[in-house]
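Coordinates as given in query-v7.csv (CSV, C-alpha atoms):
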chain,number,residue,atom,x,y,z
X,1,MET,CA,-13.2,-16.2,-10.9
X,2,ARG,CA,-13.5,-12.9,-9.1
X,3,LEU,CA,-10.4,-10.7,-9.3
X,4,SER,CA,-11.3,-8.1,-6.7
X,5,PRO,CA,-14.1,-7.2,-4.3
X,6,ASP,CA,-15.1,-4.5,-6.8
X,7,GLU,CA,-17.2,-7.1,-8.4
X,8,ILE,CA,-19.5,-7.8,-5.4
X,9,ILE,CA,-22.4,-5.4,-5.8
X,10,PHE,CA,-24.5,-4.9,-2.8
X,11,TRP,CA,-26.8,-2.2,-4.1
X,12,GLN,CA,-27.0,-0.4,-7.4
X,13,HIS,CA,-28.9,2.7,-8.4
X,14,GLY,CA,-28.1,3.8,-12.0
X,15,PHE,CA,-24.5,4.8,-12.2
X,16,PHE,CA,-23.9,4.7,-8.4
X,17,LYS,CA,-22.7,1.3,-7.3
X,18,LEU,CA,-22.2,0.1,-3.7
X,19,ASN,CA,-19.6,-2.6,-4.2
X,20,GLY,CA,-17.8,-4.8,-1.8
X,21,THR,CA,-14.7,-2.6,-1.7
X,22,ILE,CA,-16.7,0.4,-0.5
X,23,VAL,CA,-18.7,-1.5,2.0
X,24,PHE,CA,-15.8,-3.3,3.6
X,25,THR,CA,-13.8,-0.1,3.7
X,26,TRP,CA,-16.7,1.6,5.6
X,27,GLY,CA,-16.8,-1.4,7.9
X,28,LEU,CA,-13.1,-1.0,8.7
X,29,MET,CA,-13.4,2.7,9.2
X,30,LEU,CA,-16.3,2.1,11.6
X,31,VAL,CA,-14.4,-0.4,13.6
X,32,LEU,CA,-11.3,1.8,13.9
X,33,ALA,CA,-13.1,5.0,14.7
X,34,VAL,CA,-15.7,3.6,17.1
X,35,GLY,CA,-13.1,1.3,18.7
X,36,SER,CA,-10.7,4.1,19.4
X,37,LYS,CA,-13.4,6.5,20.5
X,38,LEU,CA,-14.6,3.9,23.0
X,39,VAL,CA,-11.2,3.2,24.4
X,40,THR,CA,-10.0,6.8,24.7
X,41,ARG,CA,-13.1,7.9,26.5
X,42,LYS,CA,-11.5,7.4,29.9
X,43,LEU,CA,-7.8,7.8,29.5
X,44,THR,CA,-5.9,7.7,32.7
X,45,THR,CA,-2.3,7.9,33.9
X,46,GLU,CA,-3.0,5.8,37.0
X,47,HIS,CA,-1.3,2.5,37.5
X,48,THR,CA,-4.5,0.6,37.0
X,49,ARG,CA,-5.8,1.2,33.5
X,50,SER,CA,-8.1,-0.7,31.2
X,51,ARG,CA,-6.4,-3.3,29.0
X,52,TRP,CA,-7.6,-1.6,25.9
X,53,GLN,CA,-5.8,1.5,26.8
X,54,ASN,CA,-2.7,-0.6,27.4
X,55,LEU,CA,-3.1,-2.1,24.0
X,56,LEU,CA,-3.5,1.2,22.3
X,57,GLU,CA,-0.4,2.6,24.1
X,58,ILE,CA,1.6,-0.4,23.0
X,59,VAL,CA,0.6,0.1,19.4
X,60,VAL,CA,1.1,3.9,19.4
X,61,THR,CA,4.5,3.8,21.2
X,62,GLY,CA,5.6,0.9,18.9
X,63,ILE,CA,4.8,2.9,15.8
X,64,GLU,CA,6.5,6.0,17.2
X,65,LYS,CA,9.6,4.0,17.8
X,66,GLN,CA,9.6,2.6,14.3
X,67,ILE,CA,9.2,6.1,12.8
X,68,GLU,CA,12.1,7.4,14.9
X,69,ASP,CA,14.2,4.4,13.8
X,70,VAL,CA,13.6,5.4,10.2
X,71,GLY,CA,15.1,8.8,10.9
X,72,LEU,CA,12.2,11.2,11.4
X,73,GLN,CA,13.1,13.4,14.3
X,74,HIS,CA,9.6,14.4,15.5
X,75,PRO,CA,7.4,11.3,15.2
X,76,GLU,CA,4.3,13.1,16.5
X,77,LYS,CA,4.1,15.1,13.3
X,78,TYR,CA,3.9,12.0,11.1
X,79,ILE,CA,2.3,9.4,13.3
X,80,GLY,CA,-1.2,10.5,12.3
X,81,PHE,CA,-0.6,9.7,8.7
X,82,LEU,CA,1.8,6.8,9.0
X,83,GLY,CA,0.0,5.2,11.9
X,84,THR,CA,-3.3,5.4,10.0
X,85,LEU,CA,-1.8,3.7,7.0
X,86,PHE,CA,-0.4,0.9,9.0
X,87,LEU,CA,-3.6,0.3,11.1
X,88,PHE,CA,-5.9,0.4,8.1
X,89,VAL,CA,-3.9,-2.0,6.0
X,90,ALA,CA,-3.2,-4.3,9.0
X,91,LEU,CA,-6.8,-4.4,10.0
X,92,ALA,CA,-7.9,-5.0,6.4
X,93,SER,CA,-5.7,-8.0,6.3
X,94,LEU,CA,-6.5,-9.2,9.8
X,95,CYS,CA,-10.2,-9.3,9.3
X,96,THR,CA,-9.9,-12.0,6.6
X,97,VAL,CA,-10.5,-14.5,9.4
X,98,ILE,CA,-14.1,-13.3,9.3
X,99,PRO,CA,-16.0,-15.4,6.8
X,100,GLY,CA,-17.6,-13.6,3.9
X,101,TYR,CA,-15.1,-10.7,4.2
X,102,GLU,CA,-12.7,-9.8,1.5
X,103,PRO,CA,-10.0,-7.3,2.1
X,104,PRO,CA,-10.6,-4.0,0.3
X,105,THR,CA,-6.9,-3.7,-0.3
X,106,GLY,CA,-7.4,-6.5,-2.7
X,107,SER,CA,-8.8,-4.0,-5.2
X,108,LEU,CA,-6.4,-1.8,-7.1
X,109,SER,CA,-8.6,1.2,-6.4
X,110,THR,CA,-8.0,1.1,-2.7
X,111,THR,CA,-4.2,0.6,-3.0
X,112,ALA,CA,-3.9,3.2,-5.7
X,113,ALA,CA,-5.8,5.7,-3.4
X,114,LEU,CA,-3.4,4.9,-0.5
X,115,ALA,CA,-0.4,5.2,-2.8
X,116,LEU,CA,-1.7,8.6,-4.1
X,117,CYS,CA,-2.1,9.7,-0.5
X,118,VAL,CA,1.6,8.9,0.1
X,119,MET,CA,2.5,10.7,-3.2
X,120,VAL,CA,0.8,13.8,-2.0
X,121,ALA,CA,1.9,13.6,1.6
X,122,VAL,CA,5.7,13.4,0.8
X,123,PRO,CA,5.9,16.8,-0.9
X,124,LEU,CA,3.6,18.3,1.7
X,125,PHE,CA,5.8,17.2,4.6
X,126,GLY,CA,8.9,18.1,2.6
X,127,ILE,CA,7.7,21.6,1.9
X,128,GLU,CA,6.5,22.0,5.5
X,129,ASP,CA,10.0,21.1,6.7
X,130,GLN,CA,12.2,22.7,4.1
X,131,GLY,CA,10.2,25.4,2.4
X,132,LEU,CA,9.1,25.3,-1.2
X,133,ARG,CA,12.5,26.3,-2.7
X,134,GLY,CA,14.4,23.9,-0.5
X,135,TYR,CA,12.2,21.0,-1.4
X,136,LEU,CA,12.2,21.8,-5.1
X,137,LYS,CA,16.0,22.1,-4.9
X,138,SER,CA,16.2,18.5,-3.7
X,139,TYR,CA,15.0,17.4,-7.1
X,140,VAL,CA,18.1,18.7,-8.8
X,141,GLU,CA,20.4,17.0,-6.3
X,142,PRO,CA,23.1,16.0,-7.1
X,143,THR,CA,23.1,17.5,-10.6
X,144,ILE,CA,20.5,19.0,-12.9
X,145,ILE,CA,20.7,16.0,-15.2
X,146,MET,CA,19.1,13.9,-12.4
X,147,LEU,CA,15.9,16.0,-12.6
X,148,PRO,CA,13.9,13.7,-15.0
X,149,PHE,CA,15.1,10.7,-13.2
X,150,ASN,CA,14.0,12.0,-9.8
X,151,ILE,CA,10.6,12.8,-11.1
X,152,ILE,CA,10.3,9.4,-12.7
X,153,SER,CA,11.4,7.7,-9.5
X,154,GLU,CA,8.7,9.6,-7.6
X,155,LEU,CA,6.0,8.3,-10.0
X,156,SER,CA,7.4,4.7,-10.1
X,157,ARG,CA,7.7,4.6,-6.3
X,158,THR,CA,4.0,5.4,-6.1
X,159,LEU,CA,3.1,2.8,-8.7
X,160,ALA,CA,5.2,0.2,-7.0
X,161,LEU,CA,3.5,0.9,-3.6
X,162,ALA,CA,0.1,0.4,-5.1
X,163,VAL,CA,0.8,-2.7,-7.2
X,164,ARG,CA,2.8,-4.4,-4.4
X,165,LEU,CA,0.0,-4.1,-1.9
X,166,PHE,CA,-2.6,-5.0,-4.4
X,167,GLY,CA,-0.7,-8.0,-5.8
X,168,ASN,CA,0.0,-9.4,-2.3
X,169,MET,CA,-3.6,-9.1,-1.1
X,170,MET,CA,-5.2,-10.3,-4.4
X,171,SER,CA,-2.9,-13.3,-4.7
X,172,GLY,CA,-3.6,-14.3,-1.1
X,173,THR,CA,-7.4,-14.4,-1.7
X,174,MET,CA,-7.1,-15.9,-5.1
X,175,ILE,CA,-4.8,-18.8,-4.0
X,176,ILE,CA,-7.3,-19.6,-1.2
X,177,ALA,CA,-10.2,-19.5,-3.7
X,178,ILE,CA,-8.4,-21.8,-6.1
X,179,LEU,CA,-7.4,-24.2,-3.4
X,180,LEU,CA,-10.9,-24.4,-2.1
X,181,THR,CA,-12.0,-25.9,-5.4
X,182,ILE,CA,-9.1,-28.4,-5.3
X,183,THR,CA,-8.4,-29.6,-1.8
X,184,PRO,CA,-11.1,-28.1,0.3
X,185,PHE,CA,-10.2,-28.9,3.8
X,186,LEU,CA,-6.7,-28.6,5.3
X,187,PHE,CA,-4.6,-26.8,2.8
X,188,PRO,CA,-6.7,-23.6,2.5
X,189,ILE,CA,-6.3,-23.1,6.3
X,190,ALA,CA,-2.5,-23.1,5.9
X,191,MET,CA,-2.7,-20.7,3.0
X,192,SER,CA,-5.1,-18.5,5.1
X,193,ALA,CA,-2.4,-18.3,7.8
X,194,LEU,CA,0.2,-17.5,5.3
X,195,GLY,CA,-2.1,-14.8,3.9
X,196,LEU,CA,-2.4,-13.3,7.4
X,197,LEU,CA,1.3,-13.2,7.8
X,198,THR,CA,2.0,-11.6,4.4
X,199,GLY,CA,-0.8,-9.1,5.1
X,200,MET,CA,0.8,-8.0,8.3
X,201,VAL,CA,4.2,-7.8,6.6
X,202,GLN,CA,2.8,-5.8,3.7
X,203,ALA,CA,1.1,-3.4,6.1
X,204,TYR,CA,4.4,-2.9,7.9
X,205,ILE,CA,6.3,-2.5,4.5
X,206,PHE,CA,3.8,0.0,3.2
X,207,SER,CA,4.0,2.3,6.2
X,208,ILE,CA,7.8,1.9,6.6
X,209,LEU,CA,8.3,2.8,2.9
X,210,ALA,CA,6.0,5.8,3.3
X,211,ALA,CA,8.1,6.8,6.3
X,212,VAL,CA,11.4,6.3,4.4
X,213,TYR,CA,10.1,8.5,1.5
X,214,ILE,CA,9.0,11.2,3.9
X,215,ALA,CA,12.4,11.0,5.7
X,216,ALA,CA,14.2,11.3,2.3
X,217,ALA,CA,12.1,14.4,1.5
X,218,THR,CA,12.7,16.1,4.9
X,219,ARG,CA,16.2,15.1,5.7
X,220,MET,CA,18.1,16.6,2.9
X,221,ARG,CA,19.1,19.6,5.0
X,222,MET,CA,20.5,17.6,7.8
X,223,ALA,CA,22.2,15.1,5.5
X,224,LYS,CA,24.6,17.8,4.2
X,225,PRO,CA,28.0,17.1,5.7
X,226,ASP,CA,29.6,19.8,7.8
X,227,PRO,CA,32.0,21.9,5.9
X,228,VAL,CA,35.6,20.9,6.5
X,229,PRO,CA,37.3,23.7,8.5
X,230,LYS,CA,40.1,25.3,6.5
X,231,THR,CA,43.2,25.1,8.5
S,232,MET,CA,-5.8,-21.4,-36.7
S,233,ASP,CA,-8.5,-18.7,-36.5
S,234,ILE,CA,-8.1,-15.6,-34.5
S,235,THR,CA,-10.0,-16.8,-31.4
S,236,ALA,CA,-7.7,-19.9,-31.0
S,237,LEU,CA,-4.6,-17.7,-31.7
S,238,VAL,CA,-5.5,-15.2,-29.0
S,239,ALA,CA,-6.3,-18.1,-26.5
S,240,VAL,CA,-3.1,-19.9,-27.2
S,241,ALA,CA,-1.0,-16.8,-27.0
S,242,SER,CA,-2.6,-15.7,-23.7
S,243,ILE,CA,-2.3,-19.0,-22.0
S,244,VAL,CA,1.3,-19.6,-23.0
S,245,THR,CA,2.4,-16.1,-22.1
S,246,ALA,CA,0.7,-16.3,-18.8
S,247,GLY,CA,2.5,-19.5,-17.9
S,248,LEU,CA,5.9,-18.2,-19.2
S,249,THR,CA,5.4,-14.9,-17.3
S,250,ILE,CA,5.0,-16.5,-13.9
S,251,ALA,CA,7.6,-19.2,-14.6
S,252,LEU,CA,10.4,-17.0,-15.7
S,253,GLY,CA,9.3,-14.1,-13.5
S,254,SER,CA,9.8,-16.1,-10.2
S,255,ILE,CA,13.3,-17.2,-11.0
S,256,GLY,CA,15.0,-13.9,-10.4
S,257,PRO,CA,13.3,-12.9,-7.2
S,258,ALA,CA,13.7,-16.3,-5.7
S,259,LEU,CA,17.5,-16.2,-6.3
S,260,GLY,CA,17.7,-12.6,-5.0
S,261,GLU,CA,15.8,-13.4,-1.9
S,262,GLY,CA,17.9,-16.5,-1.2
S,263,ARG,CA,21.1,-14.3,-1.4
S,264,ALA,CA,19.5,-11.6,0.8
S,265,VAL,CA,18.5,-14.1,3.5
S,266,ALA,CA,21.9,-15.8,3.4
S,267,THR,CA,23.7,-12.5,3.8
S,268,ALA,CA,21.4,-11.5,6.6
S,269,LEU,CA,22.0,-14.7,8.4
S,270,SER,CA,25.8,-14.4,8.2
S,271,SER,CA,25.6,-10.8,9.5
S,272,LEU,CA,23.3,-11.9,12.3
S,273,ALA,CA,25.9,-14.5,13.2
S,274,GLN,CA,28.6,-11.8,13.2
S,275,GLN,CA,26.7,-9.2,15.2
S,276,PRO,CA,23.8,-10.7,17.1
S,277,ASP,CA,23.1,-7.4,19.0
S,278,ALA,CA,22.1,-5.7,15.8
S,279,ALA,CA,19.4,-8.3,15.3
S,280,THR,CA,16.4,-6.0,15.2
S,281,THR,CA,17.9,-3.7,12.7
S,282,ILE,CA,19.1,-6.5,10.5
S,283,THR,CA,15.8,-8.3,10.7
S,284,ARG,CA,13.8,-5.2,9.9
S,285,THR,CA,16.0,-4.3,6.9
S,286,LEU,CA,15.9,-7.9,5.8
S,287,PHE,CA,12.1,-7.8,5.7
S,288,VAL,CA,11.9,-4.5,3.9
S,289,GLY,CA,14.4,-5.7,1.3
S,290,LEU,CA,12.5,-9.0,0.9
S,291,ALA,CA,9.3,-7.1,0.2
S,292,MET,CA,11.0,-5.0,-2.4
S,293,ILE,CA,12.4,-8.1,-4.2
S,294,GLU,CA,9.1,-9.9,-3.8
S,295,SER,CA,7.3,-7.1,-5.6
S,296,ILE,CA,9.0,-8.0,-8.9
S,297,ALA,CA,7.4,-11.5,-8.6
S,298,ILE,CA,4.1,-9.9,-7.7
S,299,TYR,CA,4.2,-7.8,-10.8
S,300,CYS,CA,4.7,-10.9,-12.9
S,301,PHE,CA,1.9,-12.6,-11.1
S,302,VAL,CA,-0.4,-9.7,-11.7
S,303,VAL,CA,0.3,-9.7,-15.4
S,304,SER,CA,-0.3,-13.4,-15.5
S,305,MET,CA,-3.6,-13.1,-13.7
S,306,ILE,CA,-4.7,-10.3,-16.1
S,307,LEU,CA,-3.9,-12.5,-19.1
S,308,ILE,CA,-6.0,-15.3,-17.7
S,309,PHE,CA,-8.9,-13.5,-16.1
S,310,ALA,CA,-9.2,-9.9,-17.3
S,311,ASN,CA,-7.8,-10.3,-20.8
S,312,PRO,CA,-9.0,-7.4,-23.0
S,313,PHE,CA,-8.0,-9.2,-26.3
S,314,TRP,CA,-9.9,-12.3,-25.3
S,315,ASN,CA,-12.9,-10.3,-24.3
S,316,HIS,CA,-12.8,-8.4,-27.6
S,317,VAL,CA,-12.5,-11.6,-29.6
S,318,ILE,CA,-15.3,-13.3,-27.7
S,319,ALA,CA,-17.5,-10.3,-28.2
S,320,GLN,CA,-16.8,-10.5,-31.9
S,321,ALA,CA,-17.5,-14.2,-32.0
S,322,ALA,CA,-20.8,-13.7,-30.1
S,323,GLY,CA,-21.9,-10.9,-32.3
S,324,LYS,CA,-21.4,-12.9,-35.5
How would this structure read if it were set down as structure tokens?
Amino acid sequence: MRLSPDEIIFWQHGFFKLNGTIVFTWGLMLVLAVGSKLVTRKLTTEHTRSRWQNLLEIVVTGIEKQIEDVGLQHPEKYIGFLGTLFLFVALASLCTVIPGYEPPTGSLSTTAALALCVMVAVPLFGIEDQGLRGYLKSYVEPTIIMLPFNIISELSRTLALAVRLFGNMMSGTMIIAILLTITPFLFPIAMSALGLLTGMVQAYIFSILAAVYIAAATRMRMAKPDPVPKT
Amino acid sequence: MDITALVAVASIVTAGLTIALGSIGPALGEGRAVATALSSLAQQPDAATTITRTLFVGLAMIESIAIYCFVVSMILIFANPFWNHVIAQAAGK
């Protein structure tokens, strides 16, 4: 029983293996990049616009609104990263309707890479917003005893992000594979629909959690309460 | 019982127990979360989007505990290093 798309080998040359994860990730990158390039060739602010431009505007403004709701004041700084996370994971899960496709997020390598991107991006955004000293000072909030716990929580958040996404995607594909050997006709379709739903929810969760972590790293300064005026 | 049978029995039993015991806690937690969300929705219907979004985020966090147990169980059944080692030894003999 195949545990991940890592085990589908398309081409091999010595040490260099072109496995299913890489090929499906390239396919998704191609679809996203070429699709958005084609749609944004003729952007217009007229009243009549192409439906694809409308679709992209709905998606982008929706993501911007979600980022603002989380508490990040200038969503245009973060929408590149967070929007890409959401679109990649959502498209990876949505394409499971295509036969022969396996989501690359069903491999721990992909989800670990995405979680590492978040782990690197949070300090970057924090330092950009608060300066190096300000960001490092947030690790010793509220007392210096919390320093190891804050560091451990940083690492465990990353691990949890990776394993959560991997577990959800892998369990979806595995349940369908097992059911196909038991009751091949109707039940796997219901489980595929459930897999689509959980895939979308997990894409949303991944990007919202990344946004929350970035907000926690950049919001320390504004979260300080105003000093009580001495009367 | 020789070592092969011992490893097999331990892996299978542990895999079953992991997923069985590991889904009790998250299921109870998610039930409580949804119940509280429903009662707050009944109390304040105009905060529905915030409550729903927070509910989904919270459910995903709780669900991830069950997912960890599922991953451990799958590793024990399909990617078990002890089983692979024992099988390699038995094949080499």
Could you tell me, as a ChimeraX atom specification, which residues have any atom at most 12 Å from (10.6, -3.0, 1.7), counting all atoms listed in the file?
/X:157,160-161,164-165,201-213 /S:283-296
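One distance worth recording is that between atom CA of Tyr101 of chain X and atom CA of Phe24 of chain X, which is 7.5 Å.
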Using only C-alpha atoms, which protein or nucleic acid residues come within 12 Å of Thr173 of chain X? Drop anything in the same chain fewer than 2 positions from it, and give the result as a ChimeraX atom specification.
/X:1-5,93,96-97,100-107,166-171,175-180,188-189,191-196,198-199
My list of candidates is X:Asp69, X:Glu46, X:Arg41, X:Val140. Which is closest to chain S when distances are computed with all atoms listed in the file?
X:Asp69
Any idea what the distance is between atom CA of Leu159 of chain X and atom CA of His74 of chain X?
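Separation of atom CA of Leu159 of chain X and atom CA of His74 of chain X: 27.6 Å.
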Spatial neighbours of segment 124-134 of chain X, 7 Å, all atoms listed in the file, chain gap at least 4 places, as a PyMOL selection string:
chain X and resi 120+138+214+217-218
Would you mind exporting the chosen residues as a short mmCIF file (atom, residue, chain, number, x, y, z; two decimals), in the frame of the given file, restricted to C-alpha atoms?
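Here's the written file result18.cif:
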data_model
loop_
_atom_site.label_atom_id
_atom_site.label_comp_id
_atom_site.auth_asym_id
_atom_site.auth_seq_id
_atom_site.Cartn_x
_atom_site.Cartn_y
_atom_site.Cartn_z
CA VAL X 120 0.80 13.80 -2.00
CA SER X 138 16.20 18.50 -3.70
CA ILE X 214 9.00 11.20 3.90
CA ALA X 217 12.10 14.40 1.50
CA THR X 218 12.70 16.10 4.90
#
So that I can check the surroundings of Val240 of chain S, please list as a ChimeraX atom specification every protein, DNA and RNA residue that reaches within 12 Å of it, counting all atoms listed in the file and ignoring chain neighbours fewer than 5 positions away.
/S:232-235,245-247,307-308,313-314
Report, in Å to a single decimal, how far apart atom CA of Glu7 of chain X and atom CA of Ala319 of chain S are.
20.1 Å
Which residue out of X:Leu72, X:Ala121, X:Ile151, X:Leu114 has the minimum interatomic distance to Arg219 of chain X when all atoms listed in the file are used?
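Using all atoms listed in the file, Arg219 of chain X sits closest to X:Leu72.
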Hey, what's within 8 Å of Gln53 of chain X if we count all atoms listed in the file and toss same-chain stuff fewer than 4 positions away? As a ChimeraX atom specification, please?
/X:39-40,43,49,57
Go ahead and save the picked residues with C-alpha atoms, as a compact mmCIF listing (two decimals), keeping the file's coordinate frame.
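Output (selection26.txt):
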# COMPACT_ATOMS: atom_id res chain seq x y z
CA VAL X 39 -11.20 3.20 24.40
CA THR X 40 -10.00 6.80 24.70
CA LEU X 43 -7.80 7.80 29.50
CA ARG X 49 -5.80 1.20 33.50
CA GLU X 57 -0.40 2.60 24.10
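With distances taken over all atoms listed in the file, S:Ser304 is the one residue among S:Ser304, S:Gln274, S:Gln320, S:Asn315 lying closest to chain X.
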Contacts of Ala297 of chain S at 9 Å or less, counting all atoms listed in the file, minus same-chain residues fewer than 4 places along, as an MDAnalysis selection string?
chainID S and resid 250 253:258 293 301:302
Could you check the closest approach to chain S for each of X:Gln66, X:Thr183, X:Thr158, X:Thr110 and tell me which residue wins, using only C-alpha atoms?
X:Gln66
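With all atoms listed in the file as the atoms that count, the residue of S:Ala310, S:Ile318, S:Ser242, S:Arg263 with the shortest distance to chain X is S:Ala310.
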I'd like to know which of X:Val59, X:Ala115, X:Val70, X:Trp52 is closest to chain S, using all atoms listed in the file.
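Of all the options, X:Val70 lies closest to chain S.
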Since the input lacks some atoms of segment 35-54 of chain X, please model N, CA and C atoms and print them as a short mmCIF file (atom, residue, chain, number, x, y, z; two decimals), keeping the file's coordinate frame.
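What ended up in selection36.cif:
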data_model
loop_
_atom_site.label_atom_id
_atom_site.label_comp_id
_atom_site.auth_asym_id
_atom_site.auth_seq_id
_atom_site.Cartn_x
_atom_site.Cartn_y
_atom_site.Cartn_z
N GLY X 35 -13.99 2.02 17.75
CA GLY X 35 -13.10 1.30 18.70
C GLY X 35 -12.25 2.31 19.48
N SER X 36 -11.56 3.17 18.73
CA SER X 36 -10.70 4.10 19.40
C SER X 36 -11.42 5.12 20.22
N LYS X 37 -12.61 5.53 19.75
CA LYS X 37 -13.40 6.50 20.50
C LYS X 37 -13.80 5.87 21.87
N LEU X 38 -14.23 4.59 21.82
CA LEU X 38 -14.60 3.90 23.00
C LEU X 38 -13.48 3.78 24.01
N VAL X 39 -12.30 3.45 23.47
CA VAL X 39 -11.20 3.20 24.40
C VAL X 39 -10.66 4.49 24.96
N THR X 40 -10.66 5.58 24.17
CA THR X 40 -10.00 6.80 24.70
C THR X 40 -11.01 7.68 25.45
N ARG X 41 -12.22 7.12 25.78
CA ARG X 41 -13.10 7.90 26.50
C ARG X 41 -12.60 8.24 27.93
N LYS X 42 -11.95 7.23 28.55
CA LYS X 42 -11.50 7.40 29.90
C LYS X 42 -10.03 7.14 30.02
N LEU X 43 -9.24 8.03 29.42
CA LEU X 43 -7.80 7.80 29.50
C LEU X 43 -7.33 8.22 30.88
N THR X 44 -6.36 7.45 31.42
CA THR X 44 -5.90 7.70 32.70
C THR X 44 -4.39 7.44 32.80
N THR X 45 -3.68 8.15 33.69
CA THR X 45 -2.30 7.90 33.90
C THR X 45 -2.04 7.13 35.18
N GLU X 46 -3.13 6.60 35.77
CA GLU X 46 -3.00 5.80 37.00
C GLU X 46 -2.29 4.50 36.68
N HIS X 47 -1.98 3.77 37.73
CA HIS X 47 -1.30 2.50 37.50
C HIS X 47 -2.30 1.43 37.02
N THR X 48 -3.56 1.52 37.47
CA THR X 48 -4.50 0.60 37.00
C THR X 48 -5.29 1.22 35.84
N ARG X 49 -5.13 0.63 34.67
CA ARG X 49 -5.80 1.20 33.50
C ARG X 49 -6.44 0.05 32.75
N SER X 50 -7.38 0.38 31.91
CA SER X 50 -8.10 -0.70 31.20
C SER X 50 -7.08 -1.32 30.20
N ARG X 51 -7.34 -2.60 29.92
CA ARG X 51 -6.40 -3.30 29.00
C ARG X 51 -6.44 -2.76 27.63
N TRP X 52 -7.58 -2.18 27.21
CA TRP X 52 -7.60 -1.60 25.90
C TRP X 52 -6.73 -0.39 25.76
N GLN X 53 -6.68 0.40 26.87
CA GLN X 53 -5.80 1.50 26.80
C GLN X 53 -4.34 1.08 26.75
N ASN X 54 -4.02 0.00 27.50
CA ASN X 54 -2.70 -0.60 27.40
C ASN X 54 -2.37 -0.99 25.98
#
